[in-house]
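Right, one structure below, let's go through it.
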Number of protein chains: 4
Amino acid sequence: MSNRSALKSYKQGEGWWKTEISQIEKNRVNIRGYNMEELIGNVSYSQMLALLLTGSILTEKKAKLFESVLVAGADHGPRAPSIAASRMAATCGISFNSAVATGINLLGDSHGGATEKGMALFYETMTEVEETGQTINEVIDNKLENLLERKEKIPGIGHQLHDDDPRVHRLYKLAKPLVEEGEISGDYLKIAEQFRKSLAGKKDRPITMNIDGVAAAIQCELGLPAEAAKGIFALSRGMGITAHAFEELQQGALVKGPGPNNEEFIQYTGVKNRKLEDKGEVRNYKL
Amino acid sequence: MSNRSALKSYKQGEGWWKTEISQIEKNRVNIRGYNMEELIGNVSYSQMLALLLTGSILTEKKAKLFESVLVAGADHGPRAPSIAASRMAATCGISFNSAVATGINLLGDSHGGATEKGMALFYETMTEVEETGQTINEVIDNKLENLLERKEKIPGIGHQLHDDDPRVHRLYKLAKPLVEEGEISGDYLKIAEQFRKSLAGKKDRPITMNIDGVAAAIQCELGLPAEAAKGIFALSRGMGITAHAFEELQQGALVKGPGPNNEEFIQYTGVKNRKLEDKGEVRNYKL
Amino acid sequence: MSNRSALKSYKQGEGWWKTEISQIEKNRVNIRGYNMEELIGNVSYSQMLALLLTGSILTEKKAKLFESVLVAGADHGPRAPSIAASRMAATCGISFNSAVATGINLLGDSHGGATEKGMALFYETMTEVEETGQTINEVIDNKLENLLERKEKIPGIGHQLHDDDPRVHRLYKLAKPLVEEGEISGDYLKIAEQFRKSLAGKKDRPITMNIDGVAAAIQCELGLPAEAAKGIFALSRGMGITAHAFEELQQGALVKGPGPNNEEFIQYTGVKNRKLEDKGEVRNYKL
Amino acid sequence: MSNRSALKSYKQGEGWWKTEISQIEKNRVNIRGYNMEELIGNVSYSQMLALLLTGSILTEKKAKLFESVLVAGADHGPRAPSIAASRMAATCGISFNSAVATGINLLGDSHGGATEKGMALFYETMTEVEETGQTINEVIDNKLENLLERKEKIPGIGHQLHDDDPRVHRLYKLAKPLVEEGEISGDYLKIAEQFRKSLAGKKDRPITMNIDGVAAAIQCELGLPAEAAKGIFALSRGMGITAHAFEELQQGALVKGPGPNNEEFIQYTGVKNRKLEDKGEVRNYKL
């Protein structure tokens, strides 16, 4: 980030909005220099997304692997706050896209956000390996110890519900031939797995890599920027958010809260029954 | 919509959240009855989206046509309020996904929303043709006249900037072989084009179909529900929203408003320089 | 609404952003012509809000009545989707203001939105009374019959949980002396109550006015515009949304969904266990 | 934050949603133990907000000072991204409250967020004074040096446009009698001013305290929690956001972007005119 003042740049003749992404003129839409008509029908969703983000077109094999990551994260049902919030929104009489936006607004640091942190950690690990000459395992052991000491979470490892997430194995299997053919290096897949293994060793119990972890490893293999991860996940989980909000809309309930109004579900634990007292603190309207 | 009370259903033993979309259990994620591991790597983004929304898997040819629609709507640069708002959001120090949500929140009735209205109109047209025995052109002329009389917009026809949108021709060209092979009927593509032609005739000047119109026609061909259109577009334009917010984040400006603070850009047209008067209306704190 | 093109106006020398609300210059902030320093400490929250919206300062008595409406709608606990969604958002690792925005995003047509519809109905009723010379009761009976015939809801009348909402009586009591002193006309308070009474008569059972209905009546008395009602309610319920999101943040749970994962709470009602079949519809990546 | 599992607590008999804020039953709404009917008409907006957040009712004098802070931050015109984004949203055909939410979504760390950081810094400064026995000025000099060394911003000091913000002086003046009467300690007002003075001294040029800084100082005087600051500001600036979105709605423009489409306003700086090449990377649909 430059932290250069937008106003200063503008006064020096730059556009207020500077973009390398798209050029729109009358009857002409260009994306990263490509004519939109040429892209339509020739590039897939995942290629288009990567092109918009980075300016480069992924090879078809890489694009399919990226697409598989997008598909893998598409839904986790209404127990996920993002899904439930968009379903509730759909019952409140707002524009349907706003219900979708409600769900996406929730995909922050704690809910899907581990992919970004995982990518940063894996990229950092690789850089340290290259710069220090240490082995991957040495660097990882070191990093892991530091994280555990600071009582931080290891991003991409562990899950509330699953202890052996089937989506992870499938994605590793899909990535394998690409490593063998040299399409991708395989380094980041190794790094992610080593973090999992080391942690399981230290904790002395089985621990699963989660969907954020495998997404992080693959997105590093594809050279995507870590800081874009929350946006990418928004378009992956966005599918489920859209479908669930749509289903709720079809069911037609109005103003549907998070659950039934049973007493044990919402529990009031505060002060009971007090009165305003005249200790000078209360205005009396005498209306 | 049933408008059945969620609470009543729950008391009769139904789940508070009822879904046909996904079933999540320990180490098992099923989508519309399919095992997630099987879907990953075997279905594309557009197939997954249609599966989540409708329960059916589009054939590969249909899926590619749908994907082409998603790609075609991906970006229209920072002059679009959705794109600009997400870029501004990216300079305000919020979670990146929230910047994406900001853009998607804006894709309402007037901004991308014409696809939903177009789909409703085209489906309605088809139903009337089937039910009344009138020709497509008769039904359309009738509908068009009614819309113009009520001074309503014809959804999917016309554009602020373009008068011959190149994306539309490309999508029609991609759809053509599918019609010839019987993959899709072609009826809705005809209906959309006839609305455009009739309107151009009535106005006696060239008028373009826009991206919303062709998206509506194709999504009708694929049997997708009209009410889901705003969510689908959120995932299409969402690509551009994500990329632009990310580019702005990289540029590093902070708290970037819509434009430079030139006098002619923000114009104050209200009352100038007045004073609070004591006509009993103003509280005096005497702090 | 003018529907005049912003671009055309700009080319004729108008600002892109035209505003009568505020004028900001170096070391000077003016609101509706008043110096901000003069407003600070001299006008209350509700006076400031009305000033920003309409350009006029409410008398102190009117302002307190308006403030009472804002206070009355401040909270309805986590069974309200807006409150629950903001609490869930607070557990997802996003910026705190984004959790607040999540809740406010849900205050649409069905969730708090009845105030706008109520205001429109009450203003319309008054206009008809003035224009036709009919009595208030005649106009209301007529309108009510039309609404019931079209199976529409009567905005502001009835409640899921309460059948005699205590907030309504309190606000009517606070408004009474203002009517007696001629500060407000009392016409809209009568109109709202007559709608309730007429409906109760037709249904032959007791029916309560709800908080939206009394808010609508009072906001009409104050001459506020109906179309601003959803924004006003956002700042009223916004208090509860902020407090609940904050409480959840303090409790420290992470990624908290709508409820516990009991089987009866989320119910899967879709297709079980099917396999992708090769009917030409599935791509095989052969990765 | 406890980071205690919500599920574990629920299994031990606690409510899924635990709250000390409100208790809602049929025909009964209690807030922090007070009957809602008693609060309506007796407490002001700022008292209600503080009560919801903290459980205590501010004295009338404190409440008016808090209200003055809310009024002071209410608007800064369309050059503020939050205001502009909500105005753009209002032209896109979404629910009005969603336009308000769009603006509030942007009030993050960089846009209004300095109040939270200022409060944390001022509270921390006070604690250090109490714990170490150093003078306020010693602690501040020390802290300031550390911040400048790490090239961090001093929260609440400095402004892009203003160099002597008139709102700040007014709020200091309103607070003064409360210090003299012992209603508030005045310590945090001193701390904030000393940070400003010290920084101006080190930079050897005049520097203004900004609205975030004075809001932070006063909210510390009132004992409000720092982490709630972004929510509080949402309800302050929310007034301006609501009014501007409403004004835009009345103007009636549709899909209004950030500015006119002049060339110098949006500048494309990317690759121009390239073609897809067949390097194995592009799928050919052959549709």
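Residues are named by chain letter and number: chains run A, B, ... in the order of the structure tokens, numbers start at 1 in each chain, and ligands are numbered from 1 in the order shown.
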Dump as a VMD selection string the residues of chain D that approach chain A to within 8 Å, counting only C-alpha atoms.
chain D and resid 13 to 23 30 32 to 35 38 to 39 41 to 44 57 to 61 94 to 95 98 263 to 276 280 to 285
When you look at A:Gly186 with a cut-off of 10 Å (counting only C-alpha atoms), what residues show up, excluding the ones that are within fewer than 4 positions of it in the same chain? I need them as an MDAnalysis selection string.
chainID A and resid 175:176 178:180 182 190:191 217:218 220:221
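If you look at atom CA of B:Gly108 and atom CA of D:Cys92, they are 5.5 Å away from each other.
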Could you give me, as a count of residues only, each residue of stretch 10-238 of chain D that DSSP assigns to helix (DSSP H, G or I) when run on this structure's backbone?
138
D:Ala228 environment, 12 Å, only C-alpha atoms, sequence neighbours closer than 6 positions dropped, as number ranges by chain:
C: 90, 95-97, 99-100, 239, 241-250; D: 49-50, 52-54, 113, 115-117, 119-120, 216, 219-220, 234-235
How close does stretch 163-210 of chain B get to stretch 129-144 of chain B? List, as JSON lines, each residue of stretch 163-210 of chain B within 8 Å, its nearest atom pair and the distance in Å to one decimal, counting only C-alpha atoms.
{"residue": "B:Ile191", "atom": "CA", "partner": "B:Ile136", "partner_atom": "CA", "distance": 7.1}
{"residue": "B:Gln194", "atom": "CA", "partner": "B:Asn137", "partner_atom": "CA", "distance": 7.1}
{"residue": "B:Phe195", "atom": "CA", "partner": "B:Ile140", "partner_atom": "CA", "distance": 6.5}
{"residue": "B:Ser198", "atom": "CA", "partner": "B:Asp141", "partner_atom": "CA", "distance": 7.1}
{"residue": "B:Leu199", "atom": "CA", "partner": "B:Leu144", "partner_atom": "CA", "distance": 7.5}
Write down as a PyMOL selection string the residues belonging to stretch 36-280 of chain A that are assigned strand (DSSP E or B) by DSSP computed on the backbone.
chain A and resi 157+209+266-268+274
Residue nearest D:Ser46 - candidates C:Ser68, C:Gln251, C:Ser185, C:Thr127, atoms counted: only C-alpha atoms:
C:Ser68
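Atom CA of C:Gly257 sits 5.3 Å away from atom CA of A:Ala80.
The two atoms in question, atom CA of B:His159 and atom CA of B:Leu174, are spaced 21.8 Å apart.
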Within 6 Å of A:Leu106, counting only C-alpha atoms, which residues show up once you throw out same-chain ones fewer than 3 positions away? Write them as a VMD selection string, please.
(chain A and resid 82 103) or (chain C and resid 89 92)
Residues at most 7 Å from C:Ala74, counting only C-alpha atoms, excluding those fewer than 3 positions away in the same chain, as a list in words?
Leu70, Val71, Ser236, Arg237, Gly238, Met239 and Gly240 of chain C
Which residues, written as a VMD selection string, have at least one atom at most 9 Å from A:His169, with only C-alpha atoms counted and residues fewer than 4 positions away on the same chain left out?
(chain A and resid 164 to 165 173 to 174 214) or (chain B and resid 37)
Saved selection, atoms kept: C-alpha atoms, as a compact mmCIF listing (two decimals), in the first residue's frame:
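The resulting file, out.txt, is shown below:
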# COMPACT_ATOMS: atom_id res chain seq x y z
CA ASP A 164 -11.53 -35.82 9.07
CA ASP A 165 -12.98 -33.48 6.48
CA LYS A 173 -6.37 -36.00 -4.85
CA LEU A 174 -7.38 -33.60 -7.61
CA VAL A 214 -6.66 -26.78 1.73
CA GLU B 37 -16.56 -35.27 -2.68
